[in-house]
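One structure is given below, encoded as structure tokens.
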Amino acid sequence: MHLSPAWLSVMAIASLWQILLAQLPSEAASPKSPPPDSKQPSNPSPPTTSPAPANAQPNTTPKLSEPQVLVAEILVKAETGELSQELQNQVYKAIRTQSGQPTTRTQLREDINAIFATGFFSNVQAKPEDTPVGVRVTFFVQPNPVLSAVRVQANADTGVPSVLPQSVVDKTFHEQYGSILNLRRLQEGIGQLNKWYRDNGYVLAQVFEAPQVASDGTVTLSVAEGVVEDVRVHFRNKEGNDTDDRGYPLKGRTRQFVIRRELELKPGQVFNRNTVQKDLQRVYKLGLFEDVNVSLNPGQDPRQVIVVMNVDERNTGSVGLSGGLSSANGIYGGLSYQQQNLGGKNQSLGAEAQVGQREVLFDVRFTDPWIAGDPYRTSYTVNGFRRKSISLTFDGGKKNIDLPNGDRPRVLRLGSGITFTRPLSKNPLYKSEWTASAGLEYQRVSIRDANGRLSSKDELGNNLSFSGEGKDDLLTLQLGAVSDRRNDPLQPTSGSVFRFGVEQSVPVGLGSIFLNRLRANYSQYIPVKFISLVQGPQTLAFNLQAGTVLGDLPPYEAFSLGGSNSVRGYGEGEVGSGRSFVQAAAEYRFPIFSILNGALFVDAASDLGSASSIPGNPAGEREKPGSGFGYGLGVRVQSPLGLIRIDYGLSDRGDNRINFGIGERF
């Protein structure tokens, strides 16, 4: 009897299929997973074997070295319950085994992995059955539950709450809620959460365990966000070492609390790159260190981190000698001392002494930039001084009026004061838009000649002091407020700054002066681009100032107008002196090359006709105009000492003058 090849294949199916089943490992048919009726959360992660891509074409040329069987039929069923047509189609698209084609052990294993790789199933098994025309292969699958919620379990056993808001999690997965959990889409969502962490500076955060899926469709993600176990400060030498030759940690001059109070990042918080960057900037701006950087060490718990602030201290003290010839003090010699880190507390002490032929002058100033223990970053400055200068009120103008002996009047001020300053913000580590100050100052003011002799009147018989004796006592209470919105305090190109101050004198001692001084100053900066020949910021800058004095007014306390910080093109104080004033300036600032910038400017000022209300009318007697304007151009040179300003100004009276200054005019 003759048998066709097809019948021969059917007869061989039983024996070949037994060989195939014997070679299929049990874990391929049933991956590690709880039974379908288990109520414990399962981990539906697919096997590590690389799955076949979905929609792949069947392999029609299996390896000849492996046993083959003919597949007559393929079925897809759920282990429990009904399986939707959509999920059946997902299986059919994933597998490469096809009806009417032979299959092998390797191909079936790849099919199981491919079904797992679709992301829809937590368990997959393949079950063969003999039929008269071949083998029926049934894939039993257990679909994942419907995704109901995703929860983040962060920083386990630390008590530190997650920095990831639940609203961000829900927004990320809301399109998946209510659908069969797909592990591929879940992983894409986890990637979005990781991106949120990175974008918000939490660069150490990571999911460190496989997602846990509960039977009710709740997925729990275990995340180690990078909790800071400790923050340490290490002092380094010029070679970059933080230990000495014996291996002991180096000790710096700076107290550690000075550095730590500048740090927003604390132990028990989640590490944030943006926060650390701001901390580094604040510590560096203290001016105590050549270099500041951060290194990270693993904590006792490997999921936590130790943050090490490495600092390289610089020299903060200096001593200087000077000498020369001045109109106020003749030939003189000077000694100065500066220390920015007194006692390692970031307190500064500055002292200058000048010994001349006629006078001994000094200025001593102590500043604590942050009173220890104060939560608001309150600072204070105490100073004592004995200063002597040519008064702009009694100088300049068309007509010279001197003392009866022919000398120019000098103003000698002996006094001391204290000023407290505080930023008006809830967080002292962040830049405050508003800053307030309050102070008290006492001065004994006297008018003297070149030899230091007291002079009460000028050559016309006008009183030079309020008391008429050539000297006054001036005790003032000072209040001030500043609103600073500039992008750069030294060379702003955008934003604004507003300053307002009030001084109230207390009538004590000689003169019994009772005055109230009000003064306001506003600057606005607008970025522009009028020329494109060179690279760099261009700015239109505007400034408006005004002030007045109510009550008593000693002549030397009048507002002086004209000069490098008023109307350029005029000499210092040559526009006028008044009880009240207003002045304005406009500048166009532009780059020239690297260290050189240019400026076009126009200035104007007026005493508002108040010169005659000053005792003795010193401006009127000297025939000062009382108002004027100037215009011109200037250059700005970047130097190690700071920005040097050189302006060439023309006045409305046809005069011209070169003015020098440090820093921008405003």
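Residues are named by chain letter and number: chains run A, B, ... in the order of the structure tokens, numbers start at 1 in each chain, and ligands are numbered from 1 in the order shown.
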Task: 8 Å contact set for Glu459 in chain A, only C-alpha atoms, chain neighbours under 5 positions out, as a PyMOL selection string - done: chain A and resi 401-406
Open item on the list: Can you pull out the residues contacting Gly598 in chain A? Cut-off 9 Å, using only C-alpha atoms, and skip same-chain residues under 6 positions away; I want them as a list in words.
Closed with: Tyr588, Arg589, Phe590, Pro591, Ile592, Leu633, Gly634, Val635, Arg636 and Val637 of chain A
How would the residues just picked look written out with C-alpha atoms as an mmCIF file, in the first residue's frame?
data_model
loop_
_atom_site.group_PDB
_atom_site.id
_atom_site.type_symbol
_atom_site.label_atom_id
_atom_site.label_comp_id
_atom_site.auth_asym_id
_atom_site.auth_seq_id
_atom_site.Cartn_x
_atom_site.Cartn_y
_atom_site.Cartn_z
ATOM 1 C CA TYR A 588 23.255 104.704 25.821
ATOM 2 C CA ARG A 589 25.809 102.053 26.760
ATOM 3 C CA PHE A 590 27.382 99.893 24.066
ATOM 4 C CA PRO A 591 30.338 97.506 23.665
ATOM 5 C CA ILE A 592 33.471 98.415 21.708
ATOM 6 C CA LEU A 633 30.603 110.583 25.525
ATOM 7 C CA GLY A 634 32.717 108.269 27.609
ATOM 8 C CA VAL A 635 34.523 104.961 27.798
ATOM 9 C CA ARG A 636 34.361 102.201 30.387
ATOM 10 C CA VAL A 637 37.484 100.121 30.980
#
Open item on the list: When you look at Ala611 in chain A with a cut-off of 9 Å (counting only C-alpha atoms), what residues show up, excluding the ones that are within fewer than 6 positions of it in the same chain? I need them as a ChimeraX atom specification.
Closed with: /A:558,576-580,617-620,626
Any chance you can output those residues with N, CA and C atoms as a PDB file, in the first residue's frame?
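Written file, out_3.pdb:
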ATOM      1  N   ALA A 558      23.484 121.191  52.568  1.00  0.00           N
ATOM      2  CA  ALA A 558      22.686 121.432  51.361  1.00  0.00           C
ATOM      3  C   ALA A 558      23.052 120.420  50.274  1.00  0.00           C
ATOM      4  N   GLY A 576      25.171 124.274  41.470  1.00  0.00           N
ATOM      5  CA  GLY A 576      24.503 124.992  42.545  1.00  0.00           C
ATOM      6  C   GLY A 576      24.401 124.172  43.809  1.00  0.00           C
ATOM      7  N   SER A 577      23.836 124.785  44.847  1.00  0.00           N
ATOM      8  CA  SER A 577      23.547 124.132  46.126  1.00  0.00           C
ATOM      9  C   SER A 577      22.159 124.577  46.552  1.00  0.00           C
ATOM     10  N   GLY A 578      21.315 123.626  46.967  1.00  0.00           N
ATOM     11  CA  GLY A 578      19.946 123.996  47.288  1.00  0.00           C
ATOM     12  C   GLY A 578      19.367 123.197  48.417  1.00  0.00           C
ATOM     13  N   ARG A 579      18.270 123.717  48.934  1.00  0.00           N
ATOM     14  CA  ARG A 579      17.491 122.986  49.935  1.00  0.00           C
ATOM     15  C   ARG A 579      16.761 121.817  49.278  1.00  0.00           C
ATOM     16  N   SER A 580      16.382 121.993  48.020  1.00  0.00           N
ATOM     17  CA  SER A 580      15.719 120.950  47.245  1.00  0.00           C
ATOM     18  C   SER A 580      16.457 120.803  45.917  1.00  0.00           C
ATOM     19  N   ASN A 617      22.996 132.015  51.804  1.00  0.00           N
ATOM     20  CA  ASN A 617      22.876 131.849  50.351  1.00  0.00           C
ATOM     21  C   ASN A 617      24.248 131.623  49.696  1.00  0.00           C
ATOM     22  N   PRO A 618      24.969 130.566  50.086  1.00  0.00           N
ATOM     23  CA  PRO A 618      26.324 130.367  49.563  1.00  0.00           C
ATOM     24  C   PRO A 618      26.369 130.187  48.049  1.00  0.00           C
ATOM     25  N   ALA A 619      25.355 129.545  47.435  1.00  0.00           N
ATOM     26  CA  ALA A 619      25.365 129.358  45.984  1.00  0.00           C
ATOM     27  C   ALA A 619      25.115 130.677  45.265  1.00  0.00           C
ATOM     28  N   GLY A 620      24.152 131.469  45.776  1.00  0.00           N
ATOM     29  CA  GLY A 620      23.863 132.756  45.153  1.00  0.00           C
ATOM     30  C   GLY A 620      25.027 133.712  45.259  1.00  0.00           C
ATOM     31  N   GLY A 626      22.442 127.464  39.404  1.00  0.00           N
ATOM     32  CA  GLY A 626      21.267 126.837  40.009  1.00  0.00           C
ATOM     33  C   GLY A 626      20.656 125.749  39.157  1.00  0.00           C
TER      34      GLY A 626
END
Task: Within 7 Å of range 222-237 of chain A using only C-alpha atoms, minus same-chain residues under 4 positions, as a PyMOL selection string - done: chain A and resi 152-155+204-209+241-242+250-252+266-271+299+303-312
TODO: Check range 323-503 of chain A with DSSP on the backbone and list each residue it calls strand (DSSP E or B), as JSON, numbers by chain.
DONE: {"A": [323, 324, 325, 326, 330, 331, 332, 333, 334, 335, 336, 337, 338, 339, 340, 341, 342, 347, 348, 349, 350, 351, 352, 353, 354, 355, 356, 360, 361, 362, 363, 364, 365, 366, 367, 368, 379, 380, 381, 382, 383, 384, 385, 386, 387, 388, 389, 390, 410, 411, 412, 413, 414, 415, 416, 417, 418, 419, 420, 421, 422, 423, 434, 435, 436, 437, 438, 439, 440, 441, 442, 443, 444, 445, 446, 447, 448, 454, 457, 463, 471, 472, 473, 474, 475, 476, 477, 478, 479, 480, 481, 482, 483, 484, 495, 496, 497, 498, 499, 500, 501, 502, 503]}
